[in-house]
$ cat run-v6.cif   # mmCIF, C-alpha atoms
data_upload
loop_
_atom_site.label_atom_id
_atom_site.label_comp_id
_atom_site.auth_asym_id
_atom_site.auth_seq_id
_atom_site.Cartn_x
_atom_site.Cartn_y
_atom_site.Cartn_z
CA MET P 155 -22.74 -79.86 -15.89
CA ARG P 156 -23.30 -77.65 -18.92
CA THR P 157 -27.08 -77.96 -18.44
CA ARG P 158 -26.79 -76.80 -14.84
CA ARG P 159 -24.77 -73.75 -15.90
CA LEU P 160 -27.39 -72.85 -18.48
CA LEU P 161 -30.17 -73.23 -15.90
CA GLY P 162 -28.22 -71.05 -13.48
CA ARG P 163 -27.82 -68.35 -16.11
CA HIS P 164 -31.51 -68.58 -16.90
CA ARG P 165 -32.42 -68.08 -13.25
CA ARG P 166 -30.11 -65.08 -12.98
CA ALA P 167 -31.72 -63.59 -16.11
CA LEU P 168 -35.22 -63.65 -14.61
CA PRO P 169 -36.56 -60.15 -13.89
CA ARG P 170 -36.23 -59.00 -10.30
CA GLN P 171 -39.47 -58.51 -8.41
CA VAL P 172 -40.10 -54.83 -7.65
CA THR P 173 -40.73 -54.16 -3.96
CA TYR P 174 -43.34 -51.90 -2.39
CA GLY P 175 -40.56 -49.90 -0.76
CA GLU P 176 -39.11 -48.94 -4.15
CA VAL P 177 -42.48 -47.68 -5.32
CA ILE P 178 -43.28 -45.79 -2.12
CA ALA P 179 -39.90 -44.03 -2.36
CA ILE P 180 -41.09 -42.21 -5.51
CA ARG P 181 -42.39 -38.82 -4.37
CA GLU P 182 -44.98 -38.28 -7.09
CA PHE P 183 -46.49 -41.70 -6.54
CA ARG P 184 -46.83 -40.93 -2.83
CA ALA P 185 -48.72 -37.77 -3.71
CA LEU P 186 -51.13 -39.60 -6.01
CA TRP P 187 -51.48 -42.34 -3.40
CA TYR P 188 -52.20 -39.98 -0.49
CA GLY P 189 -54.61 -37.79 -2.46
CA GLN P 190 -56.64 -40.72 -3.78
CA SER P 191 -56.82 -42.33 -0.35
CA LEU P 192 -57.90 -39.12 1.35
CA SER P 193 -60.80 -38.37 -0.98
CA LEU P 194 -61.94 -42.02 -1.06
CA LEU P 195 -62.20 -42.11 2.73
CA GLY P 196 -64.55 -39.13 2.70
CA ASP P 197 -66.66 -40.67 -0.05
CA GLN P 198 -67.13 -43.89 1.89
CA LEU P 199 -68.69 -42.05 4.84
CA ALA P 200 -71.33 -40.46 2.63
CA GLN P 201 -72.04 -43.69 0.75
CA VAL P 202 -72.76 -45.77 3.86
CA ALA P 203 -74.94 -43.08 5.42
CA LEU P 204 -77.02 -42.74 2.26
CA ALA P 205 -77.60 -46.49 1.86
CA VAL P 206 -78.70 -47.05 5.46
CA LEU P 207 -80.85 -43.90 5.52
CA VAL P 208 -82.77 -44.79 2.35
CA TYR P 209 -83.46 -48.34 3.47
CA ASP P 210 -84.58 -47.18 6.92
CA ARG P 211 -87.12 -44.87 5.28
CA THR P 212 -88.38 -47.10 2.48
CA ARG P 213 -87.55 -50.71 3.44
CA SER P 214 -87.21 -51.17 -0.33
CA PRO P 215 -84.26 -53.04 -1.87
CA LEU P 216 -85.04 -51.34 -5.19
CA ALA P 217 -84.90 -47.82 -3.71
CA THR P 218 -81.69 -48.64 -1.85
CA ALA P 219 -80.07 -50.09 -4.96
CA ALA P 220 -81.25 -47.13 -7.06
CA VAL P 221 -79.61 -44.59 -4.74
CA TYR P 222 -76.44 -46.70 -4.60
CA ALA P 223 -76.47 -46.88 -8.41
CA LEU P 224 -76.69 -43.07 -8.57
CA THR P 225 -72.99 -43.01 -7.63
CA TYR P 226 -72.20 -44.99 -10.82
CA LEU P 227 -74.66 -43.99 -13.52
CA PRO P 228 -73.65 -40.37 -14.33
CA THR P 229 -70.56 -41.69 -16.10
CA ILE P 230 -72.78 -43.27 -18.76
CA LEU P 231 -73.79 -39.78 -19.91
CA GLY P 232 -70.63 -37.73 -19.59
CA GLY P 233 -67.78 -40.07 -18.72
CA PRO P 234 -66.57 -40.97 -22.23
CA LEU P 235 -66.83 -37.35 -23.35
CA LEU P 236 -65.21 -35.69 -20.33
CA ALA P 237 -62.42 -38.27 -20.05
CA GLY P 238 -60.85 -36.76 -23.18
CA LEU P 239 -59.94 -33.70 -21.13
CA ALA P 240 -57.09 -35.79 -19.69
CA ASP P 241 -55.50 -35.88 -23.18
CA ARG P 242 -56.35 -32.32 -24.23
CA PHE P 243 -54.94 -30.59 -21.15
CA ALA P 244 -52.20 -31.15 -18.59
CA ARG P 245 -53.31 -34.10 -16.48
CA ARG P 246 -52.19 -32.59 -13.19
CA GLY P 247 -54.25 -29.47 -13.91
CA VAL P 248 -57.33 -31.55 -14.80
CA MET P 249 -57.08 -33.40 -11.48
CA ILE P 250 -56.67 -30.24 -9.41
CA THR P 251 -59.56 -28.48 -11.16
CA CYS P 252 -61.87 -31.46 -10.64
CA ASP P 253 -60.94 -31.67 -6.96
CA LEU P 254 -61.67 -27.97 -6.36
CA ILE P 255 -65.03 -28.05 -8.16
CA ARG P 256 -66.08 -31.21 -6.31
CA ALA P 257 -65.08 -29.63 -2.99
CA ALA P 258 -67.35 -26.67 -3.76
CA LEU P 259 -70.28 -28.87 -4.80
CA VAL P 260 -70.05 -31.13 -1.76
CA SER P 261 -69.79 -28.06 0.49
CA VAL P 262 -73.20 -26.99 -0.80
CA MET P 263 -74.53 -30.49 -0.13
CA ALA P 264 -73.35 -30.15 3.48
CA LEU P 265 -75.64 -27.18 4.08
CA PRO P 266 -78.79 -28.12 6.05
CA GLY P 267 -82.03 -27.52 4.21
CA VAL P 268 -80.86 -28.34 0.70
CA PRO P 269 -83.91 -29.85 -1.10
CA PHE P 270 -83.63 -33.52 -1.92
CA PRO P 271 -83.85 -33.08 -5.75
CA VAL P 272 -81.06 -30.47 -5.59
CA LEU P 273 -79.02 -32.84 -3.45
CA CYS P 274 -79.42 -35.60 -6.04
CA GLY P 275 -78.38 -33.18 -8.79
CA LEU P 276 -75.25 -32.21 -6.86
CA VAL P 277 -74.41 -35.88 -6.33
CA PHE P 278 -74.79 -36.41 -10.08
CA LEU P 279 -72.34 -33.58 -10.86
CA VAL P 280 -69.81 -34.73 -8.29
CA VAL P 281 -69.80 -38.24 -9.72
CA LEU P 282 -69.66 -36.87 -13.26
CA LEU P 283 -66.44 -34.98 -12.44
CA SER P 284 -64.83 -38.16 -11.20
CA ALA P 285 -64.56 -39.30 -14.84
CA PRO P 286 -61.95 -36.77 -16.03
CA PHE P 287 -60.17 -36.96 -12.67
CA SER P 288 -59.87 -40.75 -12.79
CA ALA P 289 -58.86 -40.71 -16.46
CA ALA P 290 -56.14 -38.11 -15.80
CA ARG P 291 -54.83 -40.01 -12.79
CA ALA P 292 -54.84 -43.37 -14.62
CA ALA P 293 -53.00 -41.83 -17.60
CA LEU P 294 -50.48 -40.06 -15.37
CA LEU P 295 -49.57 -43.07 -13.23
CA PRO P 296 -47.66 -44.95 -16.01
CA GLU P 297 -45.54 -41.80 -16.48
CA VAL P 298 -44.65 -41.83 -12.79
CA LEU P 299 -44.16 -45.61 -12.50
CA GLU P 300 -42.44 -47.45 -15.34
CA GLY P 301 -42.28 -51.18 -16.06
CA ASP P 302 -43.31 -53.56 -13.29
CA ARG P 303 -43.34 -50.63 -10.86
CA TYR P 304 -46.68 -49.73 -12.42
CA LEU P 305 -48.33 -53.02 -11.45
CA VAL P 306 -46.81 -52.97 -7.95
CA GLY P 307 -47.92 -49.36 -7.46
CA SER P 308 -51.39 -50.20 -8.76
CA ALA P 309 -51.53 -53.14 -6.35
CA LEU P 310 -50.52 -50.91 -3.45
CA GLN P 311 -53.18 -48.35 -4.33
CA ASN P 312 -55.71 -51.14 -4.81
CA MET P 313 -54.95 -52.61 -1.39
CA THR P 314 -55.18 -49.15 0.14
CA ASN P 315 -58.50 -48.53 -1.57
CA GLN P 316 -59.85 -51.83 -0.30
CA GLY P 317 -58.60 -51.09 3.20
CA ILE P 318 -60.29 -47.69 3.14
CA GLN P 319 -63.51 -49.30 1.91
CA MET P 320 -63.33 -51.82 4.75
CA LEU P 321 -62.79 -49.01 7.24
CA GLY P 322 -65.53 -46.88 5.72
CA PHE P 323 -68.07 -49.68 5.47
CA ALA P 324 -67.31 -51.29 8.83
CA ALA P 325 -67.00 -48.08 10.86
CA GLY P 326 -69.03 -45.70 8.69
CA GLY P 327 -72.34 -46.39 10.40
CA ALA P 328 -70.92 -45.66 13.84
CA MET P 329 -69.22 -42.47 12.61
CA ILE P 330 -72.38 -41.22 10.90
CA ALA P 331 -74.32 -41.83 14.11
CA ALA P 332 -71.71 -39.82 16.02
CA ILE P 333 -71.19 -36.81 13.72
CA GLY P 334 -74.38 -36.73 11.62
CA PRO P 335 -74.80 -36.77 7.82
CA TYR P 336 -74.13 -33.07 7.21
CA ARG P 337 -70.80 -33.16 9.02
CA ALA P 338 -69.91 -36.30 7.07
CA LEU P 339 -70.48 -34.37 3.84
CA ALA P 340 -68.33 -31.53 5.15
CA VAL P 341 -65.55 -34.05 5.81
CA ASP P 342 -65.95 -35.30 2.23
CA ALA P 343 -65.55 -31.73 0.91
CA ALA P 344 -62.42 -31.25 3.01
CA THR P 345 -60.86 -34.41 1.58
CA PHE P 346 -61.21 -33.04 -1.96
CA LEU P 347 -59.45 -29.84 -0.88
CA GLY P 348 -56.71 -31.86 0.78
CA SER P 349 -56.23 -33.92 -2.37
CA ALA P 350 -55.89 -30.76 -4.49
CA LEU P 351 -53.29 -29.29 -2.12
CA ILE P 352 -51.24 -32.49 -2.22
CA LEU P 353 -51.28 -32.50 -6.03
CA VAL P 354 -50.22 -28.84 -6.18
CA ALA P 355 -47.33 -29.37 -3.79
CA ARG P 356 -46.03 -32.81 -4.79
CA VAL P 357 -46.80 -33.58 -8.46
CA HIS P 358 -44.66 -32.04 -11.21
CA ARG P 359 -46.19 -29.99 -14.00
CA ARG P 360 -46.26 -31.74 -17.35
CA PRO P 361 -47.58 -30.54 -20.71
CA GLY P 362 -50.74 -31.96 -22.19
CA ALA P 363 -50.34 -35.35 -23.85
CA ALA P 364 -52.05 -34.61 -27.19
CA HIS P 365 -49.73 -33.94 -30.13
CA HIS P 366 -52.34 -33.35 -32.81
CA SER P 367 -52.39 -30.37 -35.13
CA GLY P 368 -54.89 -28.04 -33.57
CA ARG P 369 -57.36 -29.37 -30.99
CA PRO P 370 -59.65 -32.17 -32.15
CA SER P 371 -63.24 -32.01 -30.99
CA MET P 372 -64.23 -34.03 -27.97
CA TRP P 373 -66.49 -36.22 -30.13
CA ALA P 374 -63.57 -36.90 -32.48
CA MET P 375 -61.45 -37.98 -29.53
CA VAL P 376 -64.23 -40.25 -28.28
CA ARG P 377 -64.50 -41.88 -31.71
CA ALA P 378 -60.73 -42.32 -31.95
CA GLY P 379 -60.57 -43.80 -28.44
CA SER P 380 -63.44 -46.16 -29.17
CA ARG P 381 -61.77 -47.40 -32.35
CA LEU P 382 -58.54 -47.94 -30.46
CA VAL P 383 -60.08 -49.78 -27.49
CA PHE P 384 -62.72 -51.87 -29.25
CA GLY P 385 -61.02 -52.33 -32.61
CA ASP P 386 -58.19 -54.40 -31.19
CA ARG P 387 -58.89 -57.97 -30.07
CA LYS P 388 -56.53 -57.97 -27.10
CA LEU P 389 -57.72 -54.61 -25.80
CA ARG P 390 -61.34 -55.60 -26.29
CA THR P 391 -60.83 -58.80 -24.25
CA LEU P 392 -59.03 -56.88 -21.49
CA VAL P 393 -61.85 -54.35 -21.34
CA LEU P 394 -64.42 -57.13 -20.99
CA PHE P 395 -62.33 -58.62 -18.18
CA ALA P 396 -62.51 -55.26 -16.40
CA TRP P 397 -66.27 -55.00 -16.93
CA LEU P 398 -66.80 -58.48 -15.50
CA CYS P 399 -66.83 -56.82 -12.07
CA GLY P 400 -70.44 -55.85 -12.74
CA PHE P 401 -71.38 -59.38 -11.65
CA TYR P 402 -69.34 -59.68 -8.46
CA ILE P 403 -69.91 -56.10 -7.30
CA LEU P 404 -73.69 -56.54 -7.47
CA PRO P 405 -73.91 -57.99 -3.89
CA GLU P 406 -72.71 -54.66 -2.45
CA GLY P 407 -75.85 -52.97 -3.74
CA LEU P 408 -77.97 -55.58 -1.95
CA ALA P 409 -75.96 -55.60 1.28
CA VAL P 410 -78.59 -53.78 3.34
CA PRO P 411 -81.60 -55.99 2.43
CA TYR P 412 -79.32 -59.05 2.67
CA ALA P 413 -78.23 -57.92 6.13
CA ALA P 414 -81.88 -57.59 7.13
CA LYS P 415 -82.30 -61.29 6.32
CA LEU P 416 -79.15 -62.30 8.22
CA SER P 417 -79.47 -59.95 11.20
CA THR P 418 -79.94 -61.49 14.61
CA GLY P 419 -80.63 -60.09 18.03
CA THR P 420 -76.88 -59.93 18.63
CA LEU P 421 -75.91 -58.04 15.45
CA SER P 422 -78.00 -55.16 14.13
CA VAL P 423 -78.68 -54.51 10.44
CA PRO P 424 -76.10 -51.67 10.13
CA VAL P 425 -73.40 -53.85 11.72
CA VAL P 426 -74.15 -56.82 9.44
CA THR P 427 -74.26 -54.43 6.46
CA GLY P 428 -70.80 -53.16 7.31
CA LEU P 429 -69.43 -56.70 7.66
CA LEU P 430 -70.89 -57.77 4.32
CA MET P 431 -69.62 -54.72 2.48
CA ALA P 432 -66.17 -55.08 4.06
CA ALA P 433 -65.72 -58.79 3.22
CA MET P 434 -65.11 -58.38 -0.51
CA PRO P 435 -62.66 -55.43 -0.23
CA MET P 436 -60.73 -57.39 2.39
CA GLY P 437 -60.42 -60.34 0.01
CA THR P 438 -59.32 -58.07 -2.82
CA ALA P 439 -56.62 -56.50 -0.62
CA VAL P 440 -55.27 -59.93 0.35
CA GLY P 441 -55.40 -61.18 -3.24
CA ALA P 442 -53.70 -58.04 -4.58
CA PHE P 443 -50.86 -58.38 -2.06
CA PHE P 444 -50.00 -61.98 -2.90
CA PHE P 445 -50.67 -61.56 -6.62
CA SER P 446 -48.33 -58.57 -6.99
CA ARG P 447 -45.65 -59.63 -4.53
CA PHE P 448 -45.20 -63.35 -5.13
CA VAL P 449 -46.41 -64.00 -8.70
CA THR P 450 -44.08 -63.27 -11.61
CA PRO P 451 -45.32 -61.01 -14.45
CA PRO P 452 -45.71 -63.83 -17.04
CA ARG P 453 -47.60 -66.03 -14.58
CA ARG P 454 -49.98 -63.18 -13.73
CA LEU P 455 -51.20 -63.17 -17.31
CA ARG P 456 -51.65 -66.95 -17.28
CA MET P 457 -53.61 -66.85 -14.01
CA MET P 458 -55.92 -64.03 -15.05
CA GLY P 459 -58.71 -66.20 -16.46
CA TRP P 460 -58.77 -68.57 -13.47
CA LEU P 461 -58.89 -65.70 -10.99
CA ALA P 462 -61.71 -64.08 -12.97
CA ILE P 463 -63.72 -67.27 -12.56
CA LEU P 464 -62.91 -67.29 -8.83
CA SER P 465 -64.24 -63.74 -8.52
CA CYS P 466 -67.77 -64.98 -9.29
CA LEU P 467 -67.87 -68.66 -8.35
CA PRO P 468 -68.15 -68.31 -4.52
CA LEU P 469 -71.29 -66.20 -4.88
CA VAL P 470 -73.22 -69.26 -6.09
CA VAL P 471 -73.26 -70.63 -2.51
CA THR P 472 -75.78 -67.97 -1.46
CA ALA P 473 -78.49 -69.95 -3.28
CA MET P 474 -78.48 -72.32 -0.29
CA GLN P 475 -79.20 -69.43 2.12
CA PRO P 476 -76.15 -70.13 4.33
CA PRO P 477 -75.47 -68.36 7.66
CA LEU P 478 -73.57 -65.09 7.95
CA ALA P 479 -70.13 -66.68 8.46
CA VAL P 480 -70.40 -68.67 5.20
CA VAL P 481 -71.63 -65.62 3.27
CA LEU P 482 -68.72 -63.55 4.57
CA GLY P 483 -66.27 -66.28 3.57
CA ALA P 484 -67.77 -66.54 0.08
CA TRP P 485 -67.65 -62.78 -0.47
CA PHE P 486 -64.05 -62.73 0.81
CA LEU P 487 -63.00 -65.40 -1.73
CA SER P 488 -64.78 -63.46 -4.45
CA GLY P 489 -62.66 -60.45 -3.53
CA VAL P 490 -59.46 -62.54 -3.72
CA GLY P 491 -60.35 -63.51 -7.27
CA GLY P 492 -60.86 -59.86 -8.16
CA ALA P 493 -57.07 -59.38 -7.97
CA TYR P 494 -56.96 -60.45 -11.65
CA GLN P 495 -57.85 -56.83 -12.47
CA LEU P 496 -54.22 -55.85 -11.71
CA ALA P 497 -52.87 -57.99 -14.55
CA ALA P 498 -55.62 -56.82 -16.91
CA ASN P 499 -54.84 -53.20 -16.10
CA ALA P 500 -51.07 -53.61 -16.61
CA ALA P 501 -51.56 -55.40 -19.94
CA PHE P 502 -53.97 -52.69 -21.06
CA VAL P 503 -51.43 -49.94 -20.28
CA GLN P 504 -48.80 -51.66 -22.42
CA CYS P 505 -51.09 -51.79 -25.45
CA VAL P 506 -52.36 -48.17 -25.39
CA PRO P 507 -50.32 -45.23 -26.81
CA ALA P 508 -49.36 -42.67 -24.16
CA ASP P 509 -51.12 -39.77 -25.89
CA GLN P 510 -54.46 -41.65 -25.90
CA ARG P 511 -54.34 -43.13 -22.41
CA GLY P 512 -56.67 -40.57 -20.89
CA GLN P 513 -59.45 -41.21 -23.40
CA ALA P 514 -58.89 -44.99 -23.36
CA PHE P 515 -58.91 -45.21 -19.58
CA GLY P 516 -61.91 -42.90 -19.44
CA LEU P 517 -63.93 -45.11 -21.76
CA VAL P 518 -63.04 -48.22 -19.78
CA GLN P 519 -63.69 -46.54 -16.43
CA SER P 520 -67.01 -45.15 -17.60
CA GLY P 521 -68.11 -48.56 -18.81
CA LEU P 522 -66.83 -50.08 -15.59
CA LEU P 523 -68.94 -47.82 -13.41
CA ALA P 524 -71.89 -48.12 -15.79
CA VAL P 525 -72.01 -51.93 -15.69
CA GLN P 526 -71.75 -51.80 -11.90
CA GLY P 527 -74.55 -49.28 -11.59
CA ILE P 528 -76.82 -51.04 -14.08
CA GLY P 529 -76.08 -54.42 -12.51
CA ILE P 530 -76.91 -53.14 -9.04
CA LEU P 531 -80.11 -51.54 -10.32
CA ILE P 532 -81.21 -54.76 -12.05
CA GLY P 533 -80.25 -56.73 -8.93
CA GLY P 534 -82.36 -54.48 -6.75
CA PHE P 535 -85.36 -54.90 -9.04
CA ALA P 536 -84.94 -58.69 -9.06
CA ALA P 537 -84.48 -58.77 -5.27
CA GLU P 538 -87.88 -57.11 -4.87
CA LYS P 539 -89.40 -60.24 -6.44
CA LEU P 540 -87.02 -63.05 -5.46
CA GLY P 541 -85.11 -61.85 -2.41
CA PRO P 542 -81.38 -61.02 -2.23
CA GLU P 543 -79.98 -64.57 -1.86
CA PRO P 544 -81.08 -66.04 -5.23
CA VAL P 545 -80.20 -62.82 -7.03
CA VAL P 546 -76.62 -62.87 -5.72
CA ALA P 547 -76.35 -66.56 -6.66
CA LEU P 548 -77.67 -65.86 -10.17
CA ALA P 549 -75.10 -63.08 -10.58
CA GLY P 550 -72.42 -65.60 -9.60
CA VAL P 551 -73.58 -68.21 -12.14
CA THR P 552 -73.79 -65.66 -14.95
CA GLY P 553 -70.43 -64.20 -14.02
CA VAL P 554 -68.71 -67.60 -14.00
CA THR P 555 -70.07 -68.31 -17.48
CA ALA P 556 -68.85 -64.96 -18.82
CA ALA P 557 -65.45 -65.37 -17.11
CA ALA P 558 -64.98 -68.82 -18.64
CA VAL P 559 -65.64 -67.46 -22.13
CA LEU P 560 -63.20 -64.59 -21.56
CA ALA P 561 -60.57 -67.00 -20.22
CA ILE P 562 -60.77 -68.97 -23.47
CA LEU P 563 -60.52 -65.81 -25.58
CA TRP P 564 -57.59 -64.60 -23.50
CA SER P 565 -55.69 -67.89 -23.79
CA GLU P 566 -55.92 -67.55 -27.58
CA SER P 567 -54.59 -63.98 -27.66
CA ARG P 568 -52.18 -64.09 -24.70
CA VAL P 569 -49.23 -65.21 -26.80
CA GLU P 570 -49.48 -61.90 -28.66
CA THR P 571 -49.31 -59.87 -25.43
CA PRO P 572 -45.80 -59.02 -24.16
CA ALA P 573 -45.09 -59.75 -20.52
CA PRO P 574 -44.64 -56.67 -18.31
CA ALA P 575 -41.04 -55.52 -18.06
#

$ encode --input "run-v6.cif" --output "structure tokens"
Amino acid sequence: MRTRRLLGRHRRALPRQVTYGEVIAIREFRALWYGQSLSLLGDQLAQVALAVLVYDRTRSPLATAAVYALTYLPTILGGPLLAGLADRFARRGVMITCDLIRAALVSVMALPGVPFPVLCGLVFLVVLLSAPFSAARAALLPEVLEGDRYLVGSALQNMTNQGIQMLGFAAGGAMIAAIGPYRALAVDAATFLGSALILVARVHRRPGAAHHSGRPSMWAMVRAGSRLVFGDRKLRTLVLFAWLCGFYILPEGLAVPYAAKLSTGTLSVPVVTGLLMAAMPMGTAVGAFFFSRFVTPPRRLRMMGWLAILSCLPLVVTAMQPPLAVVLGAWFLSGVGGAYQLAANAAFVQCVPADQRGQAFGLVQSGLLAVQGIGILIGGFAAEKLGPEPVVALAGVTGVTAAAVLAILWSESRVETPAPA
């Protein structure tokens, strides 16, 4: 009888699962949620149009992958440096400024007759400005959502992002055909303006996070952030978990040439491309929902290594050159495994001091985009020689190996990581 009472007390002491409704009720989170979703939708239209257009002109997987990688690579140059702005200045102000500048740059891109080299330069600058914006937003979110609300809010935003990607990839080709590429760029510019207006109206002003005497140089902040992130074993392992996505995101960069192999008389290349690019985000949305809603915080940390392996393992099946339905299923399962990023993100937030979050998140985000861009570029080069199917399978094999090593490292250090509140 006494044992049953103790078990009953233990059950009552378990932390209550935070609901999506509680998170959505927070006004500032809704503003960050709406603004992010709005600008991402505009970006997806431009991304699909660019990929299909380049492949139609060149029929080159390398050229297609190179243009796709252009949306990732600028962060290698300026991301770590510019991310420190999120700790030097008020994070809300950094986000609004970046939105307004990007709206102006994309508006120029929407003008007919802009030379192609200028267009590429404008794309580079727009992507470069996403680094301080993303760092400021990532650092601000834990101030808006505390405890387990942070993971649930991150999961909700993640599911929304994946849903928008599915919508943009699946319907983007049809919309581009209807409105044309220049109007699509104009829509993208309008979404940045809309995001800035939402932030102005709905997010409270806060002072800058840095509490140093004077203002340290940007290089000093980069060095301090690097020592913090890579000098700690737990943080270093969590960062490598985040960067593992370079393996399972690689298929997106090869979606168009892969679709050309799978296309039939019934489904055209753009349609198959949209289905392929939508499969993984759909899986991630489903995985994020179940992972955040039905898995307790301590179990999320225990499952992280297994899910990381799942994010890469299904890709191996492409070596057998299966039909479209099997490929879609494999990419969907890969997306489900990608839900482990939620636990890695929440654990990372707990280990980083609040006044260095902007720089820390910026370094991780820059590396995240860099490994994706480099991976896609290498995948495109390899696909020129081998074809897309074996390259995707090779990415899966390599990713599974890396995930297994990280799972072992994480199991050794997990006991030192506190469970989310």

$ resolve_selection --input "run-v6.cif" --expression "the PyMOL selection byres ((chain P and resi 561) around 12)" --output "ChimeraX atom specification"
/P:391-392,394-395,398,455-464,494,498,553-560,562-568

$ closest_residue --input "run-v6.cif" --among "P:Arg242, P:Arg184, P:Lys415, P:Arg390" --to "Leu295 in chain P" --atoms "only C-alpha atoms"
P:Arg184

$ residues_around --input "run-v6.cif" --residues "range 260-274 of chain P" --least-positions-apart "2" --cutoff "7 Å" --atoms "only C-alpha atoms" --output "PDB file with C-alpha atoms, in the frame of the given file"
ATOM      1  CA  ARG P 256     -66.080 -31.210  -6.310  1.00  0.00           C
ATOM      2  CA  ALA P 257     -65.080 -29.630  -2.990  1.00  0.00           C
ATOM      3  CA  ALA P 258     -67.350 -26.670  -3.760  1.00  0.00           C
ATOM      4  CA  LEU P 276     -75.250 -32.210  -6.860  1.00  0.00           C
ATOM      5  CA  VAL P 277     -74.410 -35.880  -6.330  1.00  0.00           C
ATOM      6  CA  PHE P 278     -74.790 -36.410 -10.080  1.00  0.00           C
ATOM      7  CA  TYR P 336     -74.130 -33.070   7.210  1.00  0.00           C
ATOM      8  CA  ARG P 337     -70.800 -33.160   9.020  1.00  0.00           C
ATOM      9  CA  LEU P 339     -70.480 -34.370   3.840  1.00  0.00           C
ATOM     10  CA  ALA P 340     -68.330 -31.530   5.150  1.00  0.00           C
ATOM     11  CA  ALA P 343     -65.550 -31.730   0.910  1.00  0.00           C
TER      12      ALA P 343
END

$ residues_around --input "run-v6.cif" --residues "Thr552 in chain P" --least-positions-apart "4" --cutoff "10 Å" --atoms "only C-alpha atoms" --output "list of chain:residue names"
P:Phe401, P:Tyr402, P:Cys466, P:Leu467, P:Val470, P:Ala547, P:Leu548, P:Ala556, P:Ala557

$ closest_residue --input "run-v6.cif" --among "P:Leu236, P:Leu192, P:Ala501, P:Val172" --to "Val393 in chain P" --atoms "all atoms listed in the file"
P:Ala501

$ atom_distance --input "run-v6.cif" --atom1 "CA of Ser417 in chain P" --atom2 "CA of Gln198 in chain P"
22.3 Å

$ resolve_selection --input "run-v6.cif" --expression "the PyMOL selection byres ((chain P and resi 287-290) around 8)" --output "VMD selection string"
chain P and resid 237 239 to 241 245 to 246 248 to 249 252 to 253 283 to 286 291 to 294 511 to 513 515 to 516 519

$ atom_distance --input "run-v6.cif" --atom1 "CA of Leu429 in chain P" --atom2 "CA of Glu538 in chain P"
22.3 Å
